[in-house]
file target-v5.cif (mmCIF, C-alpha atoms and all ligand atoms)
data_target
#
loop_
_atom_site.label_atom_id
_atom_site.label_comp_id
_atom_site.auth_asym_id
_atom_site.auth_seq_id
_atom_site.Cartn_x
_atom_site.Cartn_y
_atom_site.Cartn_z
CA MET A 1 0.00 0.00 0.00
CA ALA A 2 1.74 3.14 -1.24
CA ASN A 3 -0.27 5.66 0.72
CA PRO A 4 -3.25 4.66 2.85
CA ILE A 5 -4.49 8.27 2.95
CA GLU A 6 -5.20 9.40 -0.57
CA ARG A 7 -7.21 12.00 -2.47
CA ARG A 8 -9.45 10.71 -5.24
CA GLU A 9 -11.32 13.22 -7.39
CA GLY A 10 -10.95 15.87 -4.70
CA VAL A 11 -12.15 13.67 -1.85
CA LEU A 12 -9.82 12.37 0.88
CA PHE A 13 -9.96 8.64 1.55
CA CYS A 14 -8.44 6.30 4.11
CA GLU A 15 -8.07 3.06 2.14
CA ASN A 16 -11.54 2.72 0.55
CA VAL A 17 -13.46 4.74 3.11
CA GLU A 18 -14.30 8.39 2.56
CA LEU A 19 -12.96 10.25 5.61
CA GLU A 20 -15.91 12.62 5.68
CA THR A 21 -18.23 9.67 6.33
CA ILE A 22 -16.21 8.88 9.46
CA ALA A 23 -16.10 12.53 10.54
CA ARG A 24 -19.90 12.76 10.28
CA GLU A 25 -20.75 9.39 11.82
CA ALA A 26 -18.09 9.14 14.55
CA GLY A 27 -17.95 12.89 15.18
CA THR A 28 -14.90 15.14 15.50
CA PRO A 29 -12.20 15.36 16.68
CA VAL A 30 -11.39 11.76 15.82
CA TYR A 31 -8.25 9.81 15.06
CA VAL A 32 -8.42 7.47 12.08
CA TYR A 33 -5.86 4.72 11.44
CA SER A 34 -5.41 2.53 8.39
CA ALA A 35 -4.90 -1.13 9.31
CA GLY A 36 -3.56 -1.79 5.82
CA GLY A 37 -1.09 1.06 6.13
CA ILE A 38 0.22 -0.22 9.47
CA ARG A 39 0.52 -3.79 8.18
CA ALA A 40 2.36 -2.60 5.07
CA ARG A 41 4.99 -0.73 7.08
CA TYR A 42 5.44 -3.63 9.49
CA ARG A 43 5.84 -6.01 6.55
CA GLU A 44 8.50 -3.76 5.05
CA TYR A 45 10.57 -4.38 8.18
CA ALA A 46 9.71 -8.09 8.28
CA ALA A 47 10.67 -8.53 4.61
CA GLY A 48 13.93 -6.66 5.07
CA LEU A 49 14.91 -8.98 7.92
CA GLU A 50 13.86 -12.18 6.11
CA GLY A 51 16.26 -15.03 6.74
CA MET A 52 18.01 -13.25 9.61
CA ASP A 53 17.71 -14.16 13.27
CA ALA A 54 15.84 -10.92 13.91
CA ARG A 55 12.72 -9.54 15.51
CA VAL A 56 10.69 -6.36 15.19
CA CYS A 57 9.53 -5.16 18.61
CA TYR A 58 7.01 -2.42 17.84
CA ALA A 59 7.37 0.50 20.30
CA VAL A 60 3.98 0.61 22.02
CA LYS A 61 4.40 4.20 23.19
CA ALA A 62 3.97 5.46 19.61
CA ASN A 63 0.37 4.19 19.47
CA GLY A 64 -0.91 1.74 22.08
CA ASN A 65 -4.52 1.31 20.95
CA LEU A 66 -5.52 -2.32 21.53
CA SER A 67 -6.75 -2.73 17.96
CA VAL A 68 -3.40 -1.52 16.63
CA LEU A 69 -1.49 -3.85 18.96
CA ARG A 70 -3.80 -6.74 18.06
CA LEU A 71 -3.15 -6.38 14.35
CA LEU A 72 0.61 -6.17 14.91
CA ALA A 73 0.52 -9.19 17.24
CA ALA A 74 -1.28 -11.07 14.45
CA GLU A 75 1.60 -10.14 12.13
CA GLY A 76 3.98 -11.79 14.60
CA ALA A 77 5.44 -8.58 16.01
CA GLY A 78 7.18 -8.35 19.35
CA PHE A 79 6.76 -5.25 21.49
CA ASP A 80 8.97 -2.65 23.13
CA ILE A 81 7.39 -1.31 26.32
CA VAL A 82 8.31 1.49 28.69
CA SER A 83 5.84 0.84 31.52
CA GLY A 84 3.73 -1.77 33.27
CA GLY A 85 0.66 -0.20 31.71
CA GLU A 86 2.06 -0.87 28.25
CA LEU A 87 2.82 -4.48 29.20
CA ASP A 88 -0.80 -4.86 30.32
CA ARG A 89 -1.97 -3.52 26.96
CA VAL A 90 0.27 -5.94 25.05
CA LEU A 91 -1.10 -8.89 27.04
CA ARG A 92 -4.71 -7.79 26.54
CA ALA A 93 -4.06 -7.49 22.81
CA GLY A 94 -2.78 -11.07 22.66
CA GLY A 95 0.89 -10.11 22.30
CA ASP A 96 3.46 -12.76 23.19
CA PRO A 97 5.32 -11.76 26.39
CA ALA A 98 8.28 -13.83 25.22
CA LYS A 99 8.76 -11.20 22.47
CA VAL A 100 8.60 -8.18 24.80
CA VAL A 101 11.53 -5.94 25.73
CA PHE A 102 11.21 -3.49 28.60
CA ALA A 103 12.99 -0.13 28.30
CA GLY A 104 12.98 2.99 30.45
CA VAL A 105 15.10 4.84 33.02
CA GLY A 106 12.65 4.56 35.90
CA LYS A 107 11.19 1.06 36.14
CA THR A 108 9.47 0.59 39.50
CA ARG A 109 9.62 -2.51 41.69
CA GLU A 110 5.99 -3.33 40.83
CA GLU A 111 6.64 -3.00 37.11
CA ILE A 112 9.72 -5.24 37.28
CA GLU A 113 7.78 -7.89 39.24
CA PHE A 114 4.93 -7.75 36.72
CA ALA A 115 7.39 -8.20 33.84
CA LEU A 116 9.16 -11.11 35.59
CA GLU A 117 5.81 -12.71 36.32
CA THR A 118 4.74 -12.60 32.66
CA GLY A 119 8.13 -13.81 31.40
CA ILE A 120 9.24 -11.04 29.04
CA ALA A 121 12.19 -11.58 26.69
CA ALA A 122 14.54 -9.02 28.24
CA PHE A 123 15.00 -5.89 30.28
CA ASN A 124 16.98 -3.04 28.76
CA CYS A 125 18.66 -1.66 31.87
CA GLU A 126 19.69 1.96 32.26
CA SER A 127 21.60 1.92 35.56
CA GLU A 128 23.55 -0.40 37.84
CA ALA A 129 21.00 0.12 40.60
CA GLU A 130 18.26 -1.12 38.26
CA ILE A 131 20.26 -4.27 37.40
CA ALA A 132 20.74 -4.93 41.13
CA LEU A 133 17.01 -4.48 41.81
CA ILE A 134 16.03 -6.83 38.98
CA ASP A 135 18.49 -9.39 40.36
CA ALA A 136 17.04 -9.14 43.87
CA LEU A 137 13.41 -9.35 42.73
CA ALA A 138 14.09 -12.21 40.31
CA GLY A 139 15.89 -14.09 43.12
CA ARG A 140 12.94 -13.68 45.44
CA MET A 141 10.54 -14.89 42.74
CA GLY A 142 12.74 -17.83 41.77
CA LYS A 143 13.20 -16.47 38.23
CA ARG A 144 16.15 -15.64 36.07
CA ALA A 145 15.95 -12.38 34.13
CA SER A 146 17.54 -11.78 30.75
CA ALA A 147 18.93 -8.30 30.35
CA ALA A 148 20.91 -5.95 28.17
CA VAL A 149 22.50 -2.70 29.20
CA ARG A 150 21.18 0.28 27.29
CA VAL A 151 24.32 1.86 26.01
CA ASN A 152 24.75 5.41 24.96
CA PRO A 153 26.92 5.00 21.84
CA ASP A 154 27.87 8.69 21.66
CA VAL A 155 27.30 8.95 17.92
CA ASN A 156 28.99 12.06 16.57
CA PRO A 157 26.55 14.98 16.81
CA GLU A 158 28.50 17.21 14.42
CA THR A 159 27.62 15.11 11.43
CA HIS A 160 24.18 14.18 12.76
CA PRO A 161 22.84 17.12 14.76
CA TYR A 162 19.27 15.84 14.96
CA ILE A 163 20.05 12.93 17.27
CA SER A 164 18.27 13.53 20.48
CA THR A 165 19.03 10.75 22.97
CA GLY A 166 22.34 9.15 22.01
CA LEU A 167 24.72 11.67 23.51
CA ARG A 168 26.52 11.59 26.82
CA GLU A 169 24.59 14.61 28.14
CA HIS A 170 21.21 12.87 27.82
CA LYS A 171 19.54 10.97 30.67
CA PHE A 172 19.27 7.75 28.67
CA GLY A 173 21.58 4.77 28.81
CA ILE A 174 25.10 4.24 30.13
CA ASP A 175 28.12 5.76 28.41
CA ILE A 176 29.72 3.28 26.00
CA HIS A 177 33.18 4.23 27.27
CA GLY A 178 32.58 2.87 30.77
CA VAL A 179 29.99 0.23 30.07
CA GLU A 180 32.27 -2.82 30.07
CA GLU A 181 32.93 -2.16 33.77
CA VAL A 182 29.18 -2.17 34.37
CA TYR A 183 28.97 -5.64 32.83
CA GLU A 184 31.97 -6.73 34.93
CA ARG A 185 30.42 -5.53 38.19
CA ALA A 186 27.18 -7.37 37.34
CA ARG A 187 28.99 -10.56 36.37
CA GLY A 188 28.45 -12.24 39.74
CA LEU A 189 24.70 -11.64 39.89
CA ARG A 190 22.89 -14.96 40.03
CA ASN A 191 19.44 -13.99 38.83
CA VAL A 192 20.24 -11.70 35.90
CA SER A 193 21.94 -12.83 32.70
CA LEU A 194 23.49 -9.98 30.78
CA GLU A 195 23.10 -11.46 27.33
CA GLY A 196 22.51 -8.44 25.16
CA VAL A 197 23.58 -4.95 24.24
CA ALA A 198 20.98 -2.28 23.55
CA CYS A 199 20.73 1.31 22.38
CA HIS A 200 18.16 3.75 21.06
CA ILE A 201 19.81 6.89 19.79
CA GLY A 202 16.85 9.10 19.04
CA SER A 203 13.75 9.59 16.98
CA GLN A 204 12.58 11.03 13.67
CA LEU A 205 15.88 10.27 11.92
CA LEU A 206 15.38 10.99 8.23
CA ASP A 207 18.85 9.68 7.45
CA ALA A 208 19.71 6.18 8.65
CA SER A 209 23.47 6.69 8.73
CA PRO A 210 23.68 7.49 12.48
CA LEU A 211 21.79 4.26 13.17
CA LEU A 212 24.30 2.32 11.09
CA GLU A 213 27.16 4.06 12.87
CA ALA A 214 25.61 3.09 16.21
CA ALA A 215 25.12 -0.51 15.01
CA GLN A 216 28.80 -0.74 14.11
CA LYS A 217 29.84 0.56 17.54
CA MET A 218 27.45 -1.84 19.28
CA VAL A 219 28.74 -4.87 17.35
CA GLU A 220 32.29 -3.90 18.36
CA LEU A 221 31.16 -3.62 21.97
CA ALA A 222 29.55 -7.08 21.79
CA VAL A 223 32.82 -8.49 20.47
CA ARG A 224 34.77 -6.90 23.34
CA LEU A 225 32.28 -8.22 25.90
CA ARG A 226 32.46 -11.71 24.44
CA ALA A 227 36.26 -11.54 24.72
CA ARG A 228 35.70 -10.90 28.43
CA GLY A 229 33.60 -14.06 28.64
CA PHE A 230 30.08 -12.62 28.43
CA ALA A 231 27.67 -14.70 26.35
CA ILE A 232 26.23 -11.77 24.39
CA ARG A 233 23.43 -13.08 22.18
CA HIS A 234 21.47 -10.11 20.97
CA LEU A 235 21.85 -6.58 19.71
CA ASP A 236 18.83 -4.33 20.24
CA LEU A 237 19.28 -1.26 18.04
CA GLY A 238 16.12 0.56 19.20
CA GLY A 239 13.83 2.53 16.89
CA GLY A 240 14.13 5.98 15.45
CA LEU A 241 13.58 5.95 11.69
CA GLY A 242 11.60 9.03 10.77
CA VAL A 243 8.70 9.83 8.48
CA PRO A 244 8.09 12.77 6.14
CA TYR A 245 5.92 15.32 7.96
CA LYS A 246 6.57 18.11 5.46
CA PRO A 247 5.95 17.83 1.73
CA GLY A 248 9.68 18.17 0.95
CA ASP A 249 10.91 15.54 3.45
CA ALA A 250 12.37 12.36 1.99
CA ARG A 251 11.11 9.10 3.47
CA PRO A 252 13.98 6.95 4.76
CA ASP A 253 14.22 3.75 2.73
CA VAL A 254 13.59 0.96 5.25
CA GLY A 255 14.73 -1.69 2.78
CA ALA A 256 18.04 0.03 2.07
CA PHE A 257 18.60 0.62 5.79
CA LEU A 258 18.01 -3.05 6.59
CA ARG A 259 20.30 -4.19 3.76
CA ALA A 260 23.10 -2.05 5.19
CA LEU A 261 22.34 -3.28 8.70
CA ARG A 262 22.42 -6.87 7.51
CA GLY A 263 25.95 -6.27 6.28
CA ILE A 264 26.99 -5.14 9.77
CA VAL A 265 25.20 -7.83 11.80
CA VAL A 266 25.28 -11.01 9.69
CA GLY A 267 28.21 -13.22 10.63
CA THR A 268 28.46 -11.85 14.17
CA GLY A 269 26.13 -14.51 15.55
CA LEU A 270 24.08 -11.75 17.16
CA ARG A 271 20.30 -11.77 17.06
CA LEU A 272 19.02 -8.41 15.88
CA TRP A 273 16.09 -6.70 17.58
CA LEU A 274 14.60 -3.47 16.28
CA GLU A 275 12.09 -1.23 18.06
CA PRO A 276 10.43 0.97 15.43
CA GLY A 277 7.41 2.98 16.54
CA ARG A 278 6.79 6.12 14.52
CA SER A 279 7.87 4.66 11.18
CA ILE A 280 5.21 1.94 11.45
CA VAL A 281 2.17 3.97 12.50
CA ALA A 282 2.68 7.71 11.87
CA GLU A 283 1.71 7.87 8.21
CA ALA A 284 -1.21 5.48 8.66
CA GLY A 285 -3.04 7.94 10.92
CA VAL A 286 -4.87 11.26 10.64
CA LEU A 287 -6.70 13.47 13.10
CA LEU A 288 -9.99 14.78 11.73
CA ALA A 289 -11.37 18.09 12.94
CA ARG A 290 -14.15 20.50 12.02
CA VAL A 291 -13.75 24.20 11.48
CA LEU A 292 -15.73 26.11 14.15
CA TYR A 293 -14.95 29.74 13.37
CA ARG A 294 -12.91 32.12 11.28
CA LYS A 295 -11.62 35.29 12.87
CA SER A 296 -9.02 37.93 12.25
CA ASN A 297 -7.14 40.17 14.64
CA GLY A 298 -5.97 43.04 12.51
CA ASP A 299 -3.86 41.39 9.85
CA LYS A 300 -3.64 37.99 11.54
CA GLU A 301 -6.05 35.32 10.44
CA PHE A 302 -7.24 32.43 12.62
CA ILE A 303 -9.04 29.24 11.76
CA VAL A 304 -10.55 27.84 14.98
CA VAL A 305 -11.10 24.07 14.86
CA ASP A 306 -12.53 21.58 17.35
CA ALA A 307 -9.17 19.78 17.80
CA SER A 308 -6.43 21.24 19.94
CA MET A 309 -3.22 20.57 21.85
CA THR A 310 -5.20 18.19 24.07
CA GLU A 311 -5.72 15.87 21.07
CA LEU A 312 -2.35 16.46 19.37
CA ILE A 313 0.36 18.06 21.47
CA ARG A 314 3.27 17.74 19.03
CA PRO A 315 2.96 21.24 17.50
CA ALA A 316 2.69 22.87 20.95
CA LEU A 317 5.40 20.69 22.52
CA TYR A 318 8.04 20.57 19.79
CA GLY A 319 6.85 23.08 17.24
CA ALA A 320 6.24 20.00 15.09
CA HIS A 321 4.85 20.40 11.59
CA HIS A 322 1.74 18.51 10.49
CA GLU A 323 0.15 19.11 7.11
CA ILE A 324 -3.48 20.20 7.35
CA VAL A 325 -5.73 19.49 4.39
CA PRO A 326 -9.46 19.79 3.71
CA LEU A 327 -11.42 16.54 3.35
CA ARG A 328 -13.07 17.98 0.26
CA LYS A 329 -11.81 20.62 -2.12
CA SER A 330 -12.83 24.06 -0.85
CA ARG A 331 -15.85 25.64 -2.47
CA LEU A 332 -14.15 29.03 -2.42
CA PRO A 333 -11.25 30.03 -4.63
CA GLY A 334 -7.92 31.34 -3.33
CA THR A 335 -5.94 30.73 -0.17
CA VAL A 336 -5.47 32.26 3.24
CA THR A 337 -2.40 32.41 5.49
CA ALA A 338 -3.65 31.57 8.96
CA ASP A 339 -2.95 30.03 12.34
CA VAL A 340 -4.98 26.88 12.91
CA VAL A 341 -5.88 26.92 16.59
CA GLY A 342 -8.02 24.96 19.02
CA PRO A 343 -10.37 25.95 21.86
CA VAL A 344 -7.85 25.45 24.71
CA CYS A 345 -6.98 28.47 26.86
CA GLU A 346 -3.26 28.55 26.05
CA THR A 347 -1.41 30.70 23.56
CA GLY A 348 0.58 27.58 22.74
CA ASP A 349 -2.58 25.83 21.59
CA PHE A 350 -2.08 25.68 17.86
CA LEU A 351 -1.93 22.97 15.22
CA ALA A 352 -0.27 25.18 12.60
CA ARG A 353 1.06 28.71 12.43
CA GLY A 354 1.22 31.08 9.51
CA ARG A 355 0.13 28.29 7.19
CA GLU A 356 -1.14 28.88 3.66
CA LEU A 357 -4.40 27.01 3.39
CA PRO A 358 -7.47 26.88 1.17
CA GLN A 359 -10.38 29.12 2.22
CA LEU A 360 -11.69 26.89 4.98
CA MET A 361 -15.05 27.90 6.37
CA PRO A 362 -17.06 26.91 9.46
CA GLY A 363 -18.45 23.42 9.03
CA ASP A 364 -15.62 22.27 6.76
CA PHE A 365 -13.68 19.20 7.84
CA VAL A 366 -9.88 18.99 7.84
CA ALA A 367 -7.38 16.19 8.29
CA VAL A 368 -4.24 16.76 10.33
CA MET A 369 -1.87 14.43 8.53
CA THR A 370 0.76 11.96 9.76
CA ALA A 371 -0.85 11.79 13.19
CA GLY A 372 -0.75 8.03 13.79
CA ALA A 373 2.27 8.20 16.12
CA TYR A 374 2.55 10.13 19.39
CA GLY A 375 -0.94 11.51 18.84
CA TRP A 376 -3.77 10.01 20.90
CA VAL A 377 -1.26 8.42 23.33
CA ALA A 378 -0.08 11.88 24.38
CA SER A 379 -3.57 13.40 24.54
CA SER A 380 -4.91 14.86 27.76
CA ASN A 381 -8.08 16.03 29.48
CA TYR A 382 -6.80 19.56 30.05
CA ASN A 383 -9.67 22.09 30.07
CA ALA A 384 -11.94 19.11 30.88
CA ARG A 385 -11.92 18.03 27.27
CA PRO A 386 -12.99 14.41 26.69
CA ARG A 387 -10.33 12.58 24.71
CA PRO A 388 -11.31 11.82 21.11
CA ALA A 389 -12.50 8.57 19.57
CA GLU A 390 -10.15 6.35 17.56
CA VAL A 391 -11.31 4.60 14.41
CA LEU A 392 -9.64 1.75 12.56
CA VAL A 393 -10.19 1.40 8.82
CA ASP A 394 -9.50 -1.90 7.09
CA GLY A 395 -10.19 -2.00 3.35
CA THR A 396 -13.78 -0.91 2.85
CA GLY A 397 -14.80 -1.33 6.49
CA TRP A 398 -14.26 0.75 9.58
CA GLY A 399 -15.06 0.57 13.26
CA VAL A 400 -14.61 2.52 16.46
CA ALA A 401 -11.44 1.22 18.11
CA ARG A 402 -11.95 3.44 21.13
CA LYS A 403 -15.04 5.42 22.06
CA ARG A 404 -14.91 9.14 22.59
CA GLU A 405 -14.78 9.92 26.30
CA THR A 406 -17.88 11.27 28.01
CA TYR A 407 -18.23 13.81 30.83
CA GLU A 408 -18.91 10.78 33.06
CA ASP A 409 -15.47 9.38 32.09
CA LEU A 410 -13.89 12.68 33.10
CA VAL A 411 -15.01 12.45 36.72
CA ARG A 412 -14.58 8.70 37.19
CA GLY A 413 -12.66 8.02 40.37
CA GLU A 414 -13.15 11.47 41.84
CA ALA A 415 -14.57 11.77 45.36
C1 LIG B 1 10.54 5.77 21.80
C2 LIG B 1 11.37 4.56 21.72
C3 LIG B 1 11.37 3.77 20.57
C4 LIG B 1 10.58 4.11 19.33
O1 LIG B 1 11.09 5.24 18.71
P1 LIG B 1 10.53 5.70 17.25
O2 LIG B 1 11.30 6.93 16.98
O3 LIG B 1 9.07 5.93 17.43
O4 LIG B 1 10.82 4.61 16.30
C5 LIG B 1 12.14 2.63 20.57
N1 LIG B 1 12.87 2.28 21.65
C6 LIG B 1 12.91 3.03 22.77
C7 LIG B 1 13.73 2.59 23.91
C8 LIG B 1 12.15 4.19 22.86
O5 LIG B 1 12.19 4.93 23.96
#
call {"tool": "encode", "arguments": {"input": "target-v5.cif", "output": "structure tokens", "more": "lines below"}}
Ligand SMILES: *Cc1c(COP(=O)(O)O)cnc(C)c1O
result
Amino acid sequence: MANPIERREGVLFCENVELETIAREAGTPVYVYSAGGIRARYREYAAGLEGMDARVCYAVKANGNLSVLRLLAAEGAGFDIVSGGELDRVLRAGGDPAKVVFAGVGKTREEIEFALETGIAAFNCESEAEIALIDALAGRMGKRASAAVRVNPDVNPETHPYISTGLREHKFGIDIHGVEEVYERARGLRNVSLEGVACHIGSQLLDASPLLEAAQKMVELAVRLRARGFAIRHLDLGGGLGVPYKPGDARPDVGAFLRALRGIVVGTGLRLWLEPGRSIVAEAGVLLARVLYRKSNGDKEFIVVDASMTELIRPALYGAHHEIVPLRKSRLPGTVTADVVGPVCETGDFLARGRELPQLMPGDFVAVMTAGAYGWVASSNYNARPRPAEVLVDGTGWGVARKRETYEDLVRGEA
């Protein structure tokens, strides 16, 4: 599937469903995901790893809707989790705990016990104290935990300035230069086997070369650790491949990336684990909204829509760019340069700024594009706004994958 969201004769479709039908029947704001689009991106990874001892562990934090997890579990995907809540979701969706890796700098005792209980594949550990805690808890439970240390490979920022987590100054991982000593100090632990090396250098990488550079460094680390007598079996390279958010962005070629990676990993005897999130779901999702009002303050033009930073925080949080397009060609000629804003009482509540758009009028529907990753999962109830519905499209059919919240949902649990 080239592009699951496509315009045909002026009308925007998700697979074979007209998006306006969903906007009218499910209401707005609403997230819509293409099952076919998600499967296609997952299969691109699976095909690129064919014949290798490799596994794709989809990063649940990008989009944890049960229907999305269920369809990826059915494809045979493993899962990368960062919390006990995500592990619970994976289990409810029928995911195999033996294909789950657990990342994160702040795993709690309860979360570690839950993961040991379910028998996950491995912990990616971010500190010596965490390794010691896993050892103690596993010992008490009569289990043996498999673990990797999340290494910070310190990939050169001068050539790759957009890397956001793989540098020494970031909170993630343990510096590659001292990490062999960490393995040494954990050598005697009886209930943790350090049998992997892991990293995740950042997100939204439009060029795969830093990932390949990290892979090379990690393979060399595995070789050094093996020379010290550690039975290192797997290399977890994390996620991070980006998607085109802007019209000019080039989409990283997953196939070419995996061919290059194969060249680095094959022959080392290492199993390869990847943890893509965004690159599997982002382009398969849109956020639909309705235009409420037009207004202008002097020479500034605003298009007020019924979606906001509470549905999609990426523009407010990172100044992220999302294309905004009408579901049907505008009835009026010409364009307007406007801020697209939501109803939330924050100046930072915008979906686009100074954007040239068609003459959108109240009642028109728009799609905020490339919203399948880090969208609904980062939504909030700020301003007592019920979180939006999520819809899954598959071919010619569609269904509500999560109901829109009600006012009753908003007060649940309050005294
Ligand atoms: C967020 C995250 C991922 C997924 O990153 P993407 O950029 O969405 O592919 C993978 N692994 C870890 C450890 C993460 O924190």
call {"tool": "closest_atom_pairs", "arguments": {"input": "target-v5.cif", "of": "range 58-150 of chain A", "to": "range 402-408 of chain A", "cutoff": "9 Å", "atoms": "only C-alpha atoms", "output": "tab-separated table"}}
result
residue	atom	partner	partner_atom	distance
A:Asn65	CA	A:Arg402	CA	7.7
A:Leu66	CA	A:Arg402	CA	8.6
A:Ser67	CA	A:Arg402	CA	8.7
call {"tool": "closest_residue", "arguments": {"input": "target-v5.cif", "among": "A:Pro247, A:Gly202, A:Gly354, A:Gly263", "to": "ligand LIG 1 (chain B)", "atoms": "all atoms listed in the file"}}
result
A:Gly202
call {"tool": "closest_residue", "arguments": {"input": "target-v5.cif", "among": "A:Arg224, A:Lys246, A:Lys61, A:Arg331", "to": "ligand LIG 1 (chain B)", "atoms": "all atoms listed in the file"}}
result
A:Lys61
call {"tool": "residues_near_ligand", "arguments": {"input": "target-v5.cif", "ligand": "ligand LIG 1 (chain B)", "cutoff": "10 Å", "atoms": "all atoms listed in the file", "output": "VMD selection string"}}
result
chain A and resid 57 to 63 79 to 82 101 to 105 124 150 165 172 to 173 198 to 205 236 to 243 274 to 282 373 to 374
call {"tool": "atom_distance", "arguments": {"input": "target-v5.cif", "atom1": "CA of Ala77 in chain A", "atom2": "CA of Gly285 in chain A"}}
result
19.3 Å
call {"tool": "residues_around", "arguments": {"input": "target-v5.cif", "residues": "range 28-30 of chain A", "least_positions_apart": "3", "cutoff": "7 Å", "atoms": "all atoms listed in the file", "output": "number ranges by chain"}}
result
A: 23, 287-290, 306-307, 388-390
call {"tool": "closest_residue", "arguments": {"input": "target-v5.cif", "among": "A:Val304, A:Val197, A:Leu49, A:Ala371", "to": "Ala284 in chain A", "atoms": "all atoms listed in the file"}}
result
A:Ala371
call {"tool": "closest_residue", "arguments": {"input": "target-v5.cif", "among": "A:Met52, A:Ala46, A:Ala367, A:Ile22", "to": "Gly267 in chain A", "atoms": "only C-alpha atoms"}}
result
A:Met52
call {"tool": "closest_residue", "arguments": {"input": "target-v5.cif", "among": "A:Asp154, A:Gly10, A:Gly48, A:Gly94", "to": "Leu72 in chain A", "atoms": "only C-alpha atoms"}}
result
A:Gly94
call {"tool": "atom_distance", "arguments": {"input": "target-v5.cif", "atom1": "CA of Arg262 in chain A", "atom2": "CA of Asn152 in chain A"}}
result
21.5 Å
call {"tool": "residues_near_point", "arguments": {"input": "target-v5.cif", "point": "(3.6, 20.8, 16.5)", "cutoff": "10 Å", "atoms": "all atoms listed in the file", "output": "PDB file with C-alpha atoms, in the frame of the given file"}}
result
ATOM      1  CA  MET A 309      -3.220  20.570  21.850  1.00  0.00           C
ATOM      2  CA  LEU A 312      -2.350  16.460  19.370  1.00  0.00           C
ATOM      3  CA  ILE A 313       0.360  18.060  21.470  1.00  0.00           C
ATOM      4  CA  ARG A 314       3.270  17.740  19.030  1.00  0.00           C
ATOM      5  CA  PRO A 315       2.960  21.240  17.500  1.00  0.00           C
ATOM      6  CA  ALA A 316       2.690  22.870  20.950  1.00  0.00           C
ATOM      7  CA  LEU A 317       5.400  20.690  22.520  1.00  0.00           C
ATOM      8  CA  TYR A 318       8.040  20.570  19.790  1.00  0.00           C
ATOM      9  CA  GLY A 319       6.850  23.080  17.240  1.00  0.00           C
ATOM     10  CA  ALA A 320       6.240  20.000  15.090  1.00  0.00           C
ATOM     11  CA  HIS A 321       4.850  20.400  11.590  1.00  0.00           C
ATOM     12  CA  HIS A 322       1.740  18.510  10.490  1.00  0.00           C
ATOM     13  CA  GLY A 348       0.580  27.580  22.740  1.00  0.00           C
ATOM     14  CA  ASP A 349      -2.580  25.830  21.590  1.00  0.00           C
ATOM     15  CA  PHE A 350      -2.080  25.680  17.860  1.00  0.00           C
ATOM     16  CA  LEU A 351      -1.930  22.970  15.220  1.00  0.00           C
ATOM     17  CA  ALA A 352      -0.270  25.180  12.600  1.00  0.00           C
ATOM     18  CA  ARG A 353       1.060  28.710  12.430  1.00  0.00           C
TER      19      ARG A 353
END
call {"tool": "atom_distance", "arguments": {"input": "target-v5.cif", "atom1": "CA of Val325 in chain A", "atom2": "CA of Leu12 in chain A"}}
result
8.9 Å
call {"tool": "residues_around", "arguments": {"input": "target-v5.cif", "residues": "Arg8 in chain A", "least_positions_apart": "5", "cutoff": "10 Å", "atoms": "only C-alpha atoms", "output": "list of chain:residue names"}}
result
A:Phe13, A:Glu18, A:Arg328
call {"tool": "closest_residue", "arguments": {"input": "target-v5.cif", "among": "A:Leu225, A:Val32, A:Ala148, A:Leu212", "to": "Glu181 in chain A", "atoms": "only C-alpha atoms"}}
result
A:Leu225
call {"tool": "axis_aligned_box", "arguments": {"input": "target-v5.cif", "around": "range 396-412 of chain A", "padding_each_side": "3 Å", "output": "AutoDock Vina command-line options"}}
result
--center_x -15.2 --center_y 6.2 --center_z 20.0 --size_x 13.5 --size_y 21.1 --size_z 40.3
call {"tool": "residues_around", "arguments": {"input": "target-v5.cif", "residues": "Gly188 in chain A", "least_positions_apart": "5", "cutoff": "12 Å", "atoms": "all atoms listed in the file", "output": "list in words"}}
result
Ile131, Ala132, Asp135, Val182, Tyr183, Ser193, Leu194 and Phe230 of chain A
call {"tool": "closest_atom_pairs", "arguments": {"input": "target-v5.cif", "of": "range 196-241 of chain A", "to": "range 270-273 of chain A", "cutoff": "6 Å", "atoms": "only C-alpha atoms", "output": "JSON lines"}}
result
{"residue": "A:Arg233", "atom": "CA", "partner": "A:Leu270", "partner_atom": "CA", "distance": 5.2}
{"residue": "A:His234", "atom": "CA", "partner": "A:Arg271", "partner_atom": "CA", "distance": 4.4}
{"residue": "A:Leu235", "atom": "CA", "partner": "A:Leu272", "partner_atom": "CA", "distance": 5.1}
{"residue": "A:Asp236", "atom": "CA", "partner": "A:Trp273", "partner_atom": "CA", "distance": 4.5}
call {"tool": "residues_around", "arguments": {"input": "target-v5.cif", "residues": "Arg140 in chain A", "least_positions_apart": "5", "cutoff": "12 Å", "atoms": "all atoms listed in the file", "output": "ChimeraX atom specification"}}
result
/A:113,116-117,133-135,145,190-191
